[in-house]
Every structure is written in C-alpha cells, then in structure tokens.
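Report on one structure; see the data block that follows.
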Amino acid sequence: MSNGTVVRMKITLDDVTPAVSRTLEVPLSIRLDRLHAVIQTAFSWTDSHLWEMSFGQTGFGIPDPEYGFDGPLDARKATLAQVLADTRRKTFRYLYDFGDAWEHSVKIERVSAASPHLTYPLILDAVGMRPPEDCGEPWGYAEKLVALGDPQHEYHEEALDTLGEDHDPNAKPDIPLIEARLEALAKKWATRTRRKA
C-alpha cells in the first residue's frame, strides 16, 4: 500500500503510566479491520480479545451473531476514508479487551500524499511498553507495578507472576521489529489485492 493519500495518527493508551503511544501513517483507504491489525502490531498486543473502534456514537468491530443488531457495524465493510468523511472527526477511540478495557485515544495529525518511496503502514514513533495482557486494567496494572518494584510488598509475588520479573515499563519499544511486522502486513494485503484483480 504505497500510493494515494496517507493519514498520520498518534495513538495513546489511556490511563497508563509511564506513557505509551505510537505515531503511525496508514493509507486513508485502509479498511477498519486492517487498521485494527495495524494498531495491534504497533503496540505488540496479541489480538486475542474483542475490540471496537468508536467514532462518536458509532462503533465498528467484527459483529457477533449473538448480539443481533445491537453489536458494532462491520469493520470489514468500512474504510477510514469513508468514516472520517461521514463523521468529520479528527479523533476516535479504540478499545481492546472488553474485560481489561485498554482504551486508546486516536488523534488524526495530518492527511497528505503518500511517498512513492515508502511502504505503508509505517511507524514513525513509539513511546513506552504496553502492559502485559490480562493484568487487570490500567488501575490494576498500576498497583502491580508498585508491588513489582517493592520486594517487601504483600502482593510482590503476585505481581511477579502476572507481569514477569523482566517487565520494564520504561524499556524502549523494538521499533525495527514493529517495522518488520507492519511490512509483512503490507505484503500480505498487497498479495490479496493482486489476486482479486
């Protein structure tokens, strides 16, 4: 995906300290289910929980027949371009894991022409390590960080089990690894597009 128009967006994981954010450029024409895959890759989430993108009161995800018509709209049938044009929004929300409720604020920073020399999606900046999955939402994670840093804390062992003794919230994200994974996504999607033609 290298031609056309790209959107630069900053995605911040809400209510988590130290700060965790990613700045990306993605094609304006990207489908929302693929944007979900990009966000998962940029944050190194494992894509093992439910998710939803919300533009105001309108939510997109993968509909579950059990919800009937009350669930989100189908993210596979909507593009970022369509939704931004319809809602005229510069921000939206991305929720990952309805149990732990990892809320992400997404801010559109600019829309510009794609570079013919670059492959999209592209990561421009990465700050902070995201929490381990299933560690008990932002507040639970904050409590576990305190316990992890204090060997005398009554929940130190529990924090070790949940976070792992090598968990460092101040570590630098592995940007080359994220770049490689995003490039793999771009290649996979390009192959599928060519097959359809």
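Numbering starts fresh at 1 for the residues of each chain in the structure tokens, the chains themselves are lettered A, B, ... in the order given, and ligands are numbered from 1 as they appear.
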
Report as JSON lines: every residue of range 40-115 of chain A with an atom at most 10 Å from range 136-151 of chain A, its closest pair of atoms, and their distance in Å to one decimal, counting only C-alpha atoms, with rows sorted by chain and ascending residue number.
{"residue": "A:Asp97", "atom": "CA", "partner": "A:Glu137", "partner_atom": "CA", "distance": 9.2}
{"residue": "A:Phe98", "atom": "CA", "partner": "A:Glu137", "partner_atom": "CA", "distance": 9.7}
{"residue": "A:Gly99", "atom": "CA", "partner": "A:Glu137", "partner_atom": "CA", "distance": 7.6}
{"residue": "A:Asp100", "atom": "CA", "partner": "A:Glu137", "partner_atom": "CA", "distance": 4.1}
{"residue": "A:Ala101", "atom": "CA", "partner": "A:Glu137", "partner_atom": "CA", "distance": 6.0}
{"residue": "A:Trp102", "atom": "CA", "partner": "A:Glu137", "partner_atom": "CA", "distance": 6.6}
{"residue": "A:Glu103", "atom": "CA", "partner": "A:Pro138", "partner_atom": "CA", "distance": 9.2}

Generate the output file for the selected residues, N, CA, C and O atoms, as a PDB file, in the first residue's frame.
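This is the output file part.pdb:
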ATOM      1  N   ASP A  97      -9.941  -5.408  24.379  1.00  0.00           N
ATOM      2  CA  ASP A  97     -10.195  -6.268  25.536  1.00  0.00           C
ATOM      3  C   ASP A  97     -11.283  -5.649  26.416  1.00  0.00           C
ATOM      4  O   ASP A  97     -11.004  -4.789  27.261  1.00  0.00           O
ATOM      5  N   PHE A  98     -12.506  -6.097  26.228  1.00  0.00           N
ATOM      6  CA  PHE A  98     -13.632  -5.525  26.958  1.00  0.00           C
ATOM      7  C   PHE A  98     -13.534  -5.793  28.457  1.00  0.00           C
ATOM      8  O   PHE A  98     -14.166  -5.113  29.246  1.00  0.00           O
ATOM      9  N   GLY A  99     -12.740  -6.789  28.869  1.00  0.00           N
ATOM     10  CA  GLY A  99     -12.566  -7.066  30.289  1.00  0.00           C
ATOM     11  C   GLY A  99     -11.603  -6.096  30.940  1.00  0.00           C
ATOM     12  O   GLY A  99     -11.953  -5.385  31.886  1.00  0.00           O
ATOM     13  N   ASP A 100     -10.370  -6.041  30.428  1.00  0.00           N
ATOM     14  CA  ASP A 100      -9.374  -5.126  30.991  1.00  0.00           C
ATOM     15  C   ASP A 100      -9.556  -3.696  30.486  1.00  0.00           C
ATOM     16  O   ASP A 100      -9.029  -2.753  31.083  1.00  0.00           O
ATOM     17  N   ALA A 101     -10.294  -3.546  29.394  1.00  0.00           N
ATOM     18  CA  ALA A 101     -10.663  -2.215  28.869  1.00  0.00           C
ATOM     19  C   ALA A 101      -9.455  -1.316  28.608  1.00  0.00           C
ATOM     20  O   ALA A 101      -9.289  -0.274  29.241  1.00  0.00           O
ATOM     21  N   TRP A 102      -8.616  -1.747  27.669  1.00  0.00           N
ATOM     22  CA  TRP A 102      -7.495  -0.904  27.261  1.00  0.00           C
ATOM     23  C   TRP A 102      -8.001   0.098  26.232  1.00  0.00           C
ATOM     24  O   TRP A 102      -8.189  -0.224  25.069  1.00  0.00           O
ATOM     25  N   GLU A 103      -8.251   1.313  26.693  1.00  0.00           N
ATOM     26  CA  GLU A 103      -8.770   2.379  25.839  1.00  0.00           C
ATOM     27  C   GLU A 103      -7.612   3.141  25.205  1.00  0.00           C
ATOM     28  O   GLU A 103      -6.663   3.516  25.892  1.00  0.00           O
TER      29      GLU A 103
END

### Task
Would you please give, as a ChimeraX atom specification, all residues of range 97-194 of chain A that DSSP assigns to strand (DSSP E or B) based on the backbone?
/A:102-113,122-127

File of the preceding selection, N, CA and C atoms, as a PDB file, in the first residue's frame:
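Everything below was put into selection_28.pdb:
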ATOM      1  N   TRP A 102      -8.616  -1.747  27.669  1.00  0.00           N
ATOM      2  CA  TRP A 102      -7.495  -0.904  27.261  1.00  0.00           C
ATOM      3  C   TRP A 102      -8.001   0.098  26.232  1.00  0.00           C
ATOM      4  N   GLU A 103      -8.251   1.313  26.693  1.00  0.00           N
ATOM      5  CA  GLU A 103      -8.770   2.379  25.839  1.00  0.00           C
ATOM      6  C   GLU A 103      -7.612   3.141  25.205  1.00  0.00           C
ATOM      7  N   HIS A 104      -7.724   3.378  23.894  1.00  0.00           N
ATOM      8  CA  HIS A 104      -6.722   4.154  23.169  1.00  0.00           C
ATOM      9  C   HIS A 104      -7.396   5.390  22.562  1.00  0.00           C
ATOM     10  N   SER A 105      -6.770   6.537  22.728  1.00  0.00           N
ATOM     11  CA  SER A 105      -7.233   7.762  22.069  1.00  0.00           C
ATOM     12  C   SER A 105      -6.445   7.931  20.770  1.00  0.00           C
ATOM     13  N   VAL A 106      -7.162   8.122  19.671  1.00  0.00           N
ATOM     14  CA  VAL A 106      -6.515   8.267  18.365  1.00  0.00           C
ATOM     15  C   VAL A 106      -6.768   9.679  17.850  1.00  0.00           C
ATOM     16  N   LYS A 107      -5.679  10.376  17.544  1.00  0.00           N
ATOM     17  CA  LYS A 107      -5.786  11.746  17.031  1.00  0.00           C
ATOM     18  C   LYS A 107      -5.190  11.809  15.630  1.00  0.00           C
ATOM     19  N   ILE A 108      -5.997  12.274  14.673  1.00  0.00           N
ATOM     20  CA  ILE A 108      -5.513  12.472  13.312  1.00  0.00           C
ATOM     21  C   ILE A 108      -4.662  13.735  13.300  1.00  0.00           C
ATOM     22  N   GLU A 109      -3.386  13.598  12.958  1.00  0.00           N
ATOM     23  CA  GLU A 109      -2.486  14.757  12.964  1.00  0.00           C
ATOM     24  C   GLU A 109      -2.398  15.430  11.605  1.00  0.00           C
ATOM     25  N   ARG A 110      -2.454  14.638  10.528  1.00  0.00           N
ATOM     26  CA  ARG A 110      -2.450  15.251   9.209  1.00  0.00           C
ATOM     27  C   ARG A 110      -2.814  14.228   8.147  1.00  0.00           C
ATOM     28  N   VAL A 111      -3.266  14.743   7.015  1.00  0.00           N
ATOM     29  CA  VAL A 111      -3.556  13.923   5.835  1.00  0.00           C
ATOM     30  C   VAL A 111      -2.697  14.480   4.712  1.00  0.00           C
ATOM     31  N   SER A 112      -1.955  13.603   4.023  1.00  0.00           N
ATOM     32  CA  SER A 112      -1.023  14.080   2.997  1.00  0.00           C
ATOM     33  C   SER A 112      -0.851  13.030   1.912  1.00  0.00           C
ATOM     34  N   ALA A 113      -0.153  13.418   0.858  1.00  0.00           N
ATOM     35  CA  ALA A 113       0.133  12.485  -0.228  1.00  0.00           C
ATOM     36  C   ALA A 113       1.136  11.440   0.248  1.00  0.00           C
ATOM     37  N   LEU A 122       3.183   2.566   8.248  1.00  0.00           N
ATOM     38  CA  LEU A 122       4.527   2.972   8.650  1.00  0.00           C
ATOM     39  C   LEU A 122       4.478   3.448  10.099  1.00  0.00           C
ATOM     40  N   ILE A 123       5.467   3.041  10.897  1.00  0.00           N
ATOM     41  CA  ILE A 123       5.564   3.567  12.264  1.00  0.00           C
ATOM     42  C   ILE A 123       6.604   4.676  12.289  1.00  0.00           C
ATOM     43  N   LEU A 124       6.230   5.823  12.851  1.00  0.00           N
ATOM     44  CA  LEU A 124       7.122   6.981  12.914  1.00  0.00           C
ATOM     45  C   LEU A 124       7.734   7.156  14.293  1.00  0.00           C
ATOM     46  N   ASP A 125       6.992   6.756  15.329  1.00  0.00           N
ATOM     47  CA  ASP A 125       7.491   6.936  16.692  1.00  0.00           C
ATOM     48  C   ASP A 125       6.802   5.932  17.608  1.00  0.00           C
ATOM     49  N   ALA A 126       7.521   5.490  18.625  1.00  0.00           N
ATOM     50  CA  ALA A 126       6.963   4.564  19.608  1.00  0.00           C
ATOM     51  C   ALA A 126       7.513   4.932  20.970  1.00  0.00           C
ATOM     52  N   VAL A 127       6.612   5.147  21.924  1.00  0.00           N
ATOM     53  CA  VAL A 127       6.996   5.537  23.288  1.00  0.00           C
ATOM     54  C   VAL A 127       6.382   4.538  24.260  1.00  0.00           C
TER      55      VAL A 127
END

### Task
Within range 2-156 of chain A, find each residue whose DSSP state, derived from the backbone, is alpha helix (DSSP H), and express the selection as a PyMOL selection string.
chain A and resi 32-43+80-87+137-148+156

### Message
Using only C-alpha atoms, can you tell me which of A:Asp86, A:Asp174, A:Glu25, A:Glu154 comes closest to Arg130 in chain A?
### Response
A:Asp174

### Message
Neighbouring residues of Gly61 in chain A were defined as those with any atom within 10 Å, considering only C-alpha atoms; residues of the same chain fewer than 2 positions away were excluded. Please report them as a ChimeraX atom specification.
### Response
/A:32-33,36,50-54,59,63-64,71-78,94-95

### Task
For Arg88 in chain A, work out the shell of residues within 12 Å, counting only C-alpha atoms and skipping chain neighbours fewer than 5 positions away, then give it as a ChimeraX atom specification.
/A:55-56,80-83,108

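The space between CA of Glu179 in chain A and CA of Pro18 in chain A spans 22.6 Å.
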
### Task
Tell me, in Å to one decimal, how far CA of Arg89 in chain A is from CA of Ile30 in chain A.
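CA of Ile30 in chain A lies 16.4 Å from CA of Arg89 in chain A.
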
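The coordinates place CA of Val7 in chain A at 17.1 Å from CA of Thr41 in chain A.
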
### Query
With only C-alpha atoms as the atoms that count, which of A:Ala180, A:Ala42, A:Ala114, A:Ile175 lies nearest to Ser21 in chain A?
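The answer is A:Ala42, which sits nearest to Ser21 in chain A.
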
### Query
Smallest atom-to-atom distance to Thr119 in chain A: which of A:Ile11, A:Ala190, A:Leu35, A:Val20, using only C-alpha atoms?
A:Ala190
